[in-house]
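Coordinates from input.cif are shown below (mmCIF, C-alpha atoms and all ligand atoms).
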```cif
data_target
#
loop_
_atom_site.label_atom_id
_atom_site.label_comp_id
_atom_site.auth_asym_id
_atom_site.auth_seq_id
_atom_site.Cartn_x
_atom_site.Cartn_y
_atom_site.Cartn_z
CA MET M 1167 -117.67 -52.62 -33.59
CA THR M 1168 -121.08 -51.72 -32.25
CA SER M 1169 -123.25 -54.41 -30.66
CA ALA M 1170 -126.57 -55.24 -32.25
CA GLN M 1171 -129.26 -52.92 -30.98
CA SER M 1172 -131.08 -54.11 -27.87
CA VAL M 1173 -134.71 -53.56 -27.00
CA VAL M 1174 -136.25 -53.50 -23.53
CA GLU M 1175 -140.04 -53.32 -23.48
CA PHE M 1176 -142.38 -52.67 -20.57
CA ASP M 1177 -145.98 -53.33 -21.48
CA GLY M 1178 -148.72 -52.34 -19.03
CA VAL M 1179 -146.53 -53.07 -16.00
CA THR M 1180 -148.13 -52.69 -12.60
CA HIS M 1181 -146.53 -53.88 -9.39
CA GLY M 1182 -147.03 -53.64 -5.65
CA PHE M 1183 -145.39 -54.89 -2.50
CA GLY M 1184 -148.14 -55.98 -0.12
CA ASP M 1185 -150.81 -53.30 -0.22
CA ARG M 1186 -148.46 -50.66 -1.55
CA ARG M 1187 -148.68 -49.96 -5.30
CA VAL M 1188 -145.18 -49.13 -6.54
CA LEU M 1189 -145.56 -49.11 -10.33
CA THR M 1190 -148.72 -48.32 -12.25
CA GLU M 1191 -149.31 -49.22 -15.90
CA VAL M 1192 -145.82 -48.50 -17.13
CA SER M 1193 -145.43 -48.95 -20.87
CA THR M 1194 -142.30 -47.93 -22.72
CA THR M 1195 -139.84 -49.30 -25.24
CA LEU M 1196 -136.15 -48.59 -24.72
CA THR M 1197 -133.95 -48.88 -27.78
CA GLU M 1198 -131.52 -46.01 -27.27
CA ARG M 1199 -127.94 -46.79 -26.30
CA ARG M 1200 -127.95 -44.53 -23.23
CA VAL M 1201 -131.11 -44.31 -21.15
CA GLY M 1202 -131.18 -42.54 -17.78
CA ILE M 1203 -133.89 -42.90 -15.14
CA VAL M 1204 -134.38 -40.25 -12.46
CA GLY M 1205 -137.00 -39.63 -9.81
CA ALA M 1206 -137.64 -39.05 -6.13
CA ASN M 1207 -136.65 -41.56 -3.46
CA GLY M 1208 -139.17 -44.37 -3.37
CA SER M 1209 -140.73 -43.46 -6.73
CA GLY M 1210 -140.18 -46.97 -8.13
CA LYS M 1211 -136.99 -46.66 -10.23
CA SER M 1212 -135.15 -49.64 -8.74
CA THR M 1213 -138.25 -51.78 -8.93
CA LEU M 1214 -138.59 -50.86 -12.60
CA VAL M 1215 -135.01 -51.72 -13.58
CA ARG M 1216 -134.96 -54.88 -11.47
CA MET M 1217 -137.65 -56.18 -13.77
CA ILE M 1218 -135.19 -56.09 -16.67
CA ASN M 1219 -133.37 -59.13 -15.33
CA GLY M 1220 -136.28 -60.67 -13.45
CA LEU M 1221 -135.26 -59.72 -9.92
CA VAL M 1222 -138.83 -58.47 -9.62
CA GLU M 1223 -141.67 -59.84 -11.73
CA PRO M 1224 -144.65 -57.58 -12.50
CA ASP M 1225 -148.02 -58.37 -10.94
CA VAL M 1226 -149.63 -57.27 -14.19
CA GLY M 1227 -148.11 -56.71 -17.64
CA THR M 1228 -144.96 -57.96 -19.30
CA VAL M 1229 -141.30 -57.06 -19.61
CA ARG M 1230 -139.41 -58.26 -22.67
CA VAL M 1231 -135.69 -58.14 -23.35
CA ASN M 1232 -134.74 -58.51 -26.99
CA GLY M 1233 -138.10 -60.16 -27.57
CA THR M 1234 -137.90 -62.63 -24.68
CA GLU M 1235 -140.39 -62.23 -21.87
CA VAL M 1236 -138.61 -62.02 -18.53
CA THR M 1237 -140.43 -64.72 -16.62
CA GLY M 1238 -139.23 -67.66 -14.51
CA ARG M 1239 -138.73 -69.97 -17.48
CA HIS M 1240 -136.65 -67.53 -19.52
CA ARG M 1241 -134.99 -65.66 -16.70
CA ARG M 1242 -131.63 -67.39 -16.91
CA ARG M 1243 -131.38 -66.69 -20.61
CA VAL M 1244 -132.22 -63.04 -20.12
CA ARG M 1245 -129.72 -62.72 -17.28
CA ARG M 1246 -126.95 -63.75 -19.63
CA GLU M 1247 -127.85 -60.75 -21.78
CA VAL M 1248 -128.33 -58.26 -18.96
CA GLY M 1249 -125.46 -57.24 -16.69
CA PHE M 1250 -126.90 -55.71 -13.54
CA ILE M 1251 -124.88 -53.44 -11.25
CA PHE M 1252 -126.44 -52.96 -7.82
CA SER M 1253 -126.06 -49.78 -5.81
CA ASP M 1254 -124.83 -51.92 -2.91
CA PRO M 1255 -121.77 -53.87 -4.12
CA ASP M 1256 -121.92 -56.15 -1.06
CA ARG M 1257 -124.84 -57.82 -2.85
CA GLN M 1258 -122.57 -58.59 -5.76
CA VAL M 1259 -118.99 -59.05 -4.60
CA ILE M 1260 -119.01 -62.57 -3.25
CA MET M 1261 -115.66 -64.27 -3.80
CA PRO M 1262 -112.83 -64.16 -1.22
CA THR M 1263 -110.34 -62.30 -3.42
CA VAL M 1264 -110.65 -59.60 -6.03
CA VAL M 1265 -109.25 -61.73 -8.82
CA GLU M 1266 -111.51 -64.67 -7.94
CA ASP M 1267 -114.54 -62.43 -8.06
CA VAL M 1268 -113.85 -61.41 -11.65
CA GLU M 1269 -112.88 -64.98 -12.59
CA LEU M 1270 -116.20 -66.24 -11.30
CA SER M 1271 -117.95 -64.08 -13.89
CA LEU M 1272 -115.94 -65.83 -16.59
CA SER M 1273 -116.66 -69.35 -15.37
CA ARG M 1274 -118.98 -70.00 -18.34
CA SER M 1275 -116.55 -68.62 -20.92
CA LYS M 1276 -114.60 -70.83 -23.29
CA LEU M 1277 -111.34 -68.94 -22.72
CA SER M 1278 -108.22 -70.88 -21.78
CA GLY M 1279 -106.76 -70.32 -18.32
CA ALA M 1280 -104.07 -68.01 -19.70
CA GLU M 1281 -106.56 -66.02 -21.81
CA ARG M 1282 -108.85 -65.70 -18.84
CA ARG M 1283 -106.04 -64.38 -16.68
CA THR M 1284 -105.19 -61.76 -19.33
CA VAL M 1285 -108.82 -60.63 -19.53
CA VAL M 1286 -109.02 -60.41 -15.73
CA ASP M 1287 -105.73 -58.50 -15.46
CA ASP M 1288 -106.87 -56.07 -18.16
CA VAL M 1289 -110.20 -55.32 -16.55
CA LEU M 1290 -108.66 -54.89 -13.10
CA ALA M 1291 -106.13 -52.46 -14.56
CA ARG M 1292 -108.92 -50.58 -16.35
CA PHE M 1293 -110.68 -50.05 -13.02
CA GLY M 1294 -107.54 -49.24 -11.03
CA LEU M 1295 -107.74 -52.48 -9.07
CA ASP M 1296 -104.64 -54.21 -10.43
CA GLY M 1297 -102.75 -53.54 -7.21
CA HIS M 1298 -105.51 -55.33 -5.28
CA ALA M 1299 -105.83 -58.50 -7.36
CA ASP M 1300 -105.02 -60.93 -4.56
CA HIS M 1301 -106.46 -58.87 -1.73
CA PRO M 1302 -109.51 -60.03 0.21
CA SER M 1303 -112.58 -58.52 -1.48
CA HIS M 1304 -114.16 -57.58 1.84
CA GLN M 1305 -111.18 -55.37 2.66
CA LEU M 1306 -111.79 -53.10 -0.32
CA SER M 1307 -113.36 -49.73 0.32
CA GLY M 1308 -117.00 -49.28 -0.65
CA GLY M 1309 -116.02 -47.46 -3.84
CA GLN M 1310 -113.43 -50.08 -4.77
CA LYS M 1311 -116.06 -52.79 -4.27
CA GLN M 1312 -118.36 -50.82 -6.56
CA LEU M 1313 -115.63 -50.77 -9.21
CA LEU M 1314 -115.02 -54.50 -8.73
CA ALA M 1315 -118.74 -55.20 -9.16
CA LEU M 1316 -118.66 -53.16 -12.35
CA ALA M 1317 -115.54 -54.98 -13.60
CA SER M 1318 -117.12 -58.37 -12.87
CA VAL M 1319 -120.22 -57.44 -14.84
CA LEU M 1320 -118.51 -55.82 -17.83
CA VAL M 1321 -116.04 -58.66 -18.28
CA THR M 1322 -118.93 -60.90 -19.37
CA LYS M 1323 -119.78 -58.44 -22.19
CA PRO M 1324 -123.54 -58.39 -21.57
CA ARG M 1325 -125.68 -56.97 -24.40
CA ILE M 1326 -127.37 -54.63 -21.94
CA VAL M 1327 -125.86 -53.01 -18.84
CA VAL M 1328 -128.26 -51.87 -16.12
CA ALA M 1329 -126.76 -49.83 -13.29
CA ASP M 1330 -128.76 -48.81 -10.24
CA GLU M 1331 -127.15 -45.75 -8.66
CA PRO M 1332 -123.62 -46.78 -9.60
CA THR M 1333 -121.88 -43.64 -8.31
CA THR M 1334 -123.17 -43.49 -4.73
CA LEU M 1335 -119.92 -44.84 -3.25
CA LEU M 1336 -117.49 -43.29 -5.71
CA ASP M 1337 -115.24 -40.27 -5.23
CA LEU M 1338 -115.07 -37.57 -7.86
CA ARG M 1339 -112.19 -39.15 -9.77
CA ASN M 1340 -113.84 -42.56 -9.95
CA THR M 1341 -117.19 -41.01 -10.82
CA ARG M 1342 -115.50 -39.33 -13.79
CA MET M 1343 -113.80 -42.60 -14.70
CA LEU M 1344 -117.14 -44.38 -14.57
CA GLY M 1345 -118.62 -41.71 -16.86
CA GLU M 1346 -115.79 -42.37 -19.33
CA VAL M 1347 -116.32 -46.14 -19.09
CA PHE M 1348 -120.03 -45.67 -19.72
CA ALA M 1349 -119.36 -43.36 -22.67
CA GLY M 1350 -117.10 -46.00 -24.22
CA LEU M 1351 -119.51 -48.92 -23.89
CA ASP M 1352 -120.88 -50.37 -27.11
CA GLN M 1353 -123.84 -52.00 -25.49
CA GLN M 1354 -127.11 -50.50 -24.32
CA LEU M 1355 -126.82 -48.81 -20.94
CA ILE M 1356 -129.72 -48.10 -18.59
CA VAL M 1357 -128.75 -46.09 -15.52
CA VAL M 1358 -130.78 -45.07 -12.48
CA SER M 1359 -129.08 -42.12 -10.84
CA HIS M 1360 -129.50 -39.21 -8.49
CA ASP M 1361 -126.17 -37.93 -9.84
CA LEU M 1362 -127.39 -36.04 -12.89
CA ASP M 1363 -123.85 -35.35 -14.15
CA ILE M 1364 -123.33 -39.03 -14.91
CA LEU M 1365 -126.23 -38.80 -17.38
CA THR M 1366 -124.46 -36.20 -19.52
CA GLY M 1367 -124.52 -37.23 -23.16
CA PHE M 1368 -127.34 -39.72 -22.67
CA ASP M 1369 -129.92 -40.13 -25.42
CA ARG M 1370 -133.06 -40.27 -23.35
CA ILE M 1371 -134.16 -39.71 -19.75
CA LEU M 1372 -137.26 -41.08 -18.05
CA VAL M 1373 -138.58 -39.24 -15.02
CA VAL M 1374 -140.44 -41.56 -12.64
CA ASP M 1375 -142.83 -40.19 -10.07
CA ASP M 1376 -145.06 -42.21 -7.80
CA GLY M 1377 -144.74 -45.32 -9.96
CA ARG M 1378 -145.41 -43.70 -13.33
CA ILE M 1379 -143.23 -42.31 -16.09
CA VAL M 1380 -144.21 -38.65 -15.97
CA CYS M 1381 -141.67 -37.36 -18.47
CA ASP M 1382 -139.74 -39.08 -21.25
CA ASP M 1383 -137.50 -36.78 -23.22
CA VAL M 1384 -134.02 -35.75 -24.27
CA PRO M 1385 -131.84 -34.96 -21.23
CA ALA M 1386 -132.06 -31.16 -21.31
CA ASP M 1387 -135.85 -31.16 -21.31
CA ALA M 1388 -136.33 -34.15 -19.01
CA LEU M 1389 -133.93 -32.78 -16.41
CA THR M 1390 -135.59 -29.36 -16.52
CA PHE M 1391 -138.89 -31.12 -15.90
CA TYR M 1392 -137.35 -33.14 -13.06
CA ARG M 1393 -135.82 -30.11 -11.36
CA LYS M 1394 -139.21 -28.35 -11.45
CA LEU M 1395 -140.91 -31.47 -10.10
CA MET M 1396 -138.47 -31.57 -7.19
CA SER M 1397 -138.60 -27.85 -6.38
N1 LIG Q 1401 -138.75 -55.94 -1.72
C1 LIG Q 1401 -139.55 -54.97 -1.30
N2 LIG Q 1401 -140.49 -55.22 -0.36
C2 LIG Q 1401 -141.33 -54.25 0.07
N3 LIG Q 1401 -141.30 -52.98 -0.38
C3 LIG Q 1401 -140.38 -52.68 -1.30
C4 LIG Q 1401 -139.47 -53.66 -1.81
N4 LIG Q 1401 -138.68 -53.06 -2.74
C5 LIG Q 1401 -139.08 -51.77 -2.80
N5 LIG Q 1401 -140.11 -51.56 -1.95
C6 LIG Q 1401 -140.82 -50.28 -1.77
O1 LIG Q 1401 -141.22 -49.83 -3.05
C7 LIG Q 1401 -141.09 -48.43 -3.14
C8 LIG Q 1401 -140.25 -48.09 -4.36
O2 LIG Q 1401 -138.92 -48.55 -4.09
P1 LIG Q 1401 -137.76 -48.40 -5.16
O3 LIG Q 1401 -136.54 -48.98 -4.52
O4 LIG Q 1401 -138.21 -48.96 -6.45
O5 LIG Q 1401 -137.64 -46.82 -5.29
P2 LIG Q 1401 -136.51 -45.92 -5.91
O6 LIG Q 1401 -137.18 -44.93 -6.79
O7 LIG Q 1401 -135.46 -46.76 -6.53
O8 LIG Q 1401 -135.95 -45.19 -4.61
P3 LIG Q 1401 -134.49 -44.62 -4.21
O9 LIG Q 1401 -134.23 -43.44 -5.10
O10 LIG Q 1401 -134.69 -44.19 -2.80
O11 LIG Q 1401 -133.51 -45.72 -4.36
C9 LIG Q 1401 -140.53 -47.96 -1.82
O12 LIG Q 1401 -141.59 -47.49 -1.04
C10 LIG Q 1401 -139.91 -49.19 -1.23
O13 LIG Q 1401 -139.97 -49.15 0.17
#
```
Written as structure tokens, that's how I'd like the structure from this file.
Amino acid sequence: MTSAQSVVEFDGVTHGFGDRRVLTEVSTTLTERRVGIVGANGSGKSTLVRMINGLVEPDVGTVRVNGTEVTGRHRRRVRREVGFIFSDPDRQVIMPTVVEDVELSLSRSKLSGAERRTVVDDVLARFGLDGHADHPSHQLSGGQKQLLALASVLVTKPRIVVADEPTTLLDLRNTRMLGEVFAGLDQQLIVVSHDLDILTGFDRILVVDDGRIVCDDVPADALTFYRKLMS
């Protein structure tokens, strides 16, 4: 079954940190199931996607998720719809053990204890972490923590998954596995990445440069544009 289509809208979004302008008049509507975002270091990609769950609020303009403006008042509601995967899993993996970290994500669910345990076991197995269920989370490798963060987000079945450089800590095998997980997701997926391979099969790629979307196209054309921009 495919989830209902999601819509993320940026309307005239401008943002700065102190005196430094980071995003300038960004307007775009994202409805495709697989959207990639590429661009140079410091071009504003993370700032842009952090606005989708209200981690950053625009100085000017609005961001809407499925019609709801992402502002203080509505932020909690939007965050239930948006699963956000940080590039640094230490920001996300917070519970003492692996299994507790995934269980925390399910604390709002109506599942029984036994059902919850089955869901947790399944997702840990899916991400190759079943052998680590009762291990201290902080003893996982960086890549394993990244997989745990991903498991903890996906187990809540968010309508939209936003991943900010999800492959930076992963080896080749786990990067491929992540690509397969992404390909199998029903929900909308928005991925910031310097690893262009992970964007294979995506529907649309935005190229961000100096706080603006400078190209918005199908992957082949957008990535050709990006490679020229970077050369
Ligand atoms: N919380 C913050 N406070 C001050 N400056 C910030 C903050 N977050 C980001 N910046 C600055 O905003 C600019 C854009 O950062 P951002 O993380 O959005 O870029 P990016 O395109 O994701 O970069 P990268 O590819 O290196 O991760 C950078 O110059 C960064 O230093």
Practice task
Please measure the separation of atom O7 of ligand LIG 1401 (chain Q) and CA of Gly1208 (chain M), giving the value in Å to one decimal.
Solution key: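 Distance between the two atoms: 5.4 Å.
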Practice task
Name the residues, by chain letter and number, that sit within 10 Å of ligand LIG 1401 (chain Q) using all atoms listed in the file, and give them as a PyMOL selection string.
Solution key: chain M and resi 1181-1189+1203-1216+1221-1222+1253+1330-1331+1358-1360+1374-1377
I'd like the box whose edges run along x, y and z of the file and which contains every listed atom of region 1355-1374 of chain M, padded by 6 Å per side; could you state its centre and edge lengths in Å, one decimal, as AutoDock Vina command-line options?
```
--center_x -131.9 --center_y -42.1 --center_z -17.0 --size_x 29.1 --size_y 25.5 --size_z 28.9
```
Exercise for the section: Name the residues, using the chain letters and numbers of the file, that sit within 8 Å of (-115.8, -46.2, 0.6) when counting all atoms listed in the file, and give them as a count of residues only. Expected result: 6
Exercise for the section: Extract, using all atoms listed in the file, all DNA, RNA and protein residues at most 8 Å from Val1319 (chain M), discarding same-chain residues fewer than 6 positions from it, and format them as a list in words. Expected result: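 Those residues are Gly1249, Phe1250, Ile1251 and Ser1271 of chain M.
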Practice task
Please measure the separation of CA of Ile1326 (chain M) and CA of Gln1354 (chain M), giving the value in Å to one decimal.
Solution key: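 It comes out at 4.8 Å.
Distances to Gly1297 (chain M) were evaluated for M:Arg1378, M:Tyr1392, M:Val1264, M:Arg1274 using all atoms listed in the file, and the minimum falls at M:Val1264.
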Handout entry: Residue nearest Val1265 (chain M) - candidates M:Pro1224, M:Gly1202, M:Gly1367, M:Pro1302, atoms counted: all atoms listed in the file
Key = M:Pro1302
Exercise for the section: Please work out which residues fall within 9 Å of (-109.2, -55.1, -5.0), coordinates as given in the file, with only C-alpha atoms counting, and return them as an NGL selection string. Expected result: :M and (1263-1265 or 1290 or 1294-1307 or 1310-1311 or 1313-1314)
Practice task
Can you work out which one of M:Ser1172, M:Thr1197, M:Gln1353, M:Gln1312 has the shortest atom-to-atom distance to Arg1257 (chain M), counting all atoms listed in the file?
Solution key: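 When distances to Arg1257 (chain M) are compared using all atoms listed in the file, the smallest one comes from M:Gln1312.
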Practice task
Work out how far CA of Val1328 (chain M) is from CA of Glu1346 (chain M), in Å to one decimal.
Solution key: 16.0 Å
Problem - Counting all atoms listed in the file, the residue of M:Phe1176, M:Val1357, M:Pro1255, M:His1240 that sits nearest Met1217 (chain M) - result: M:Phe1176
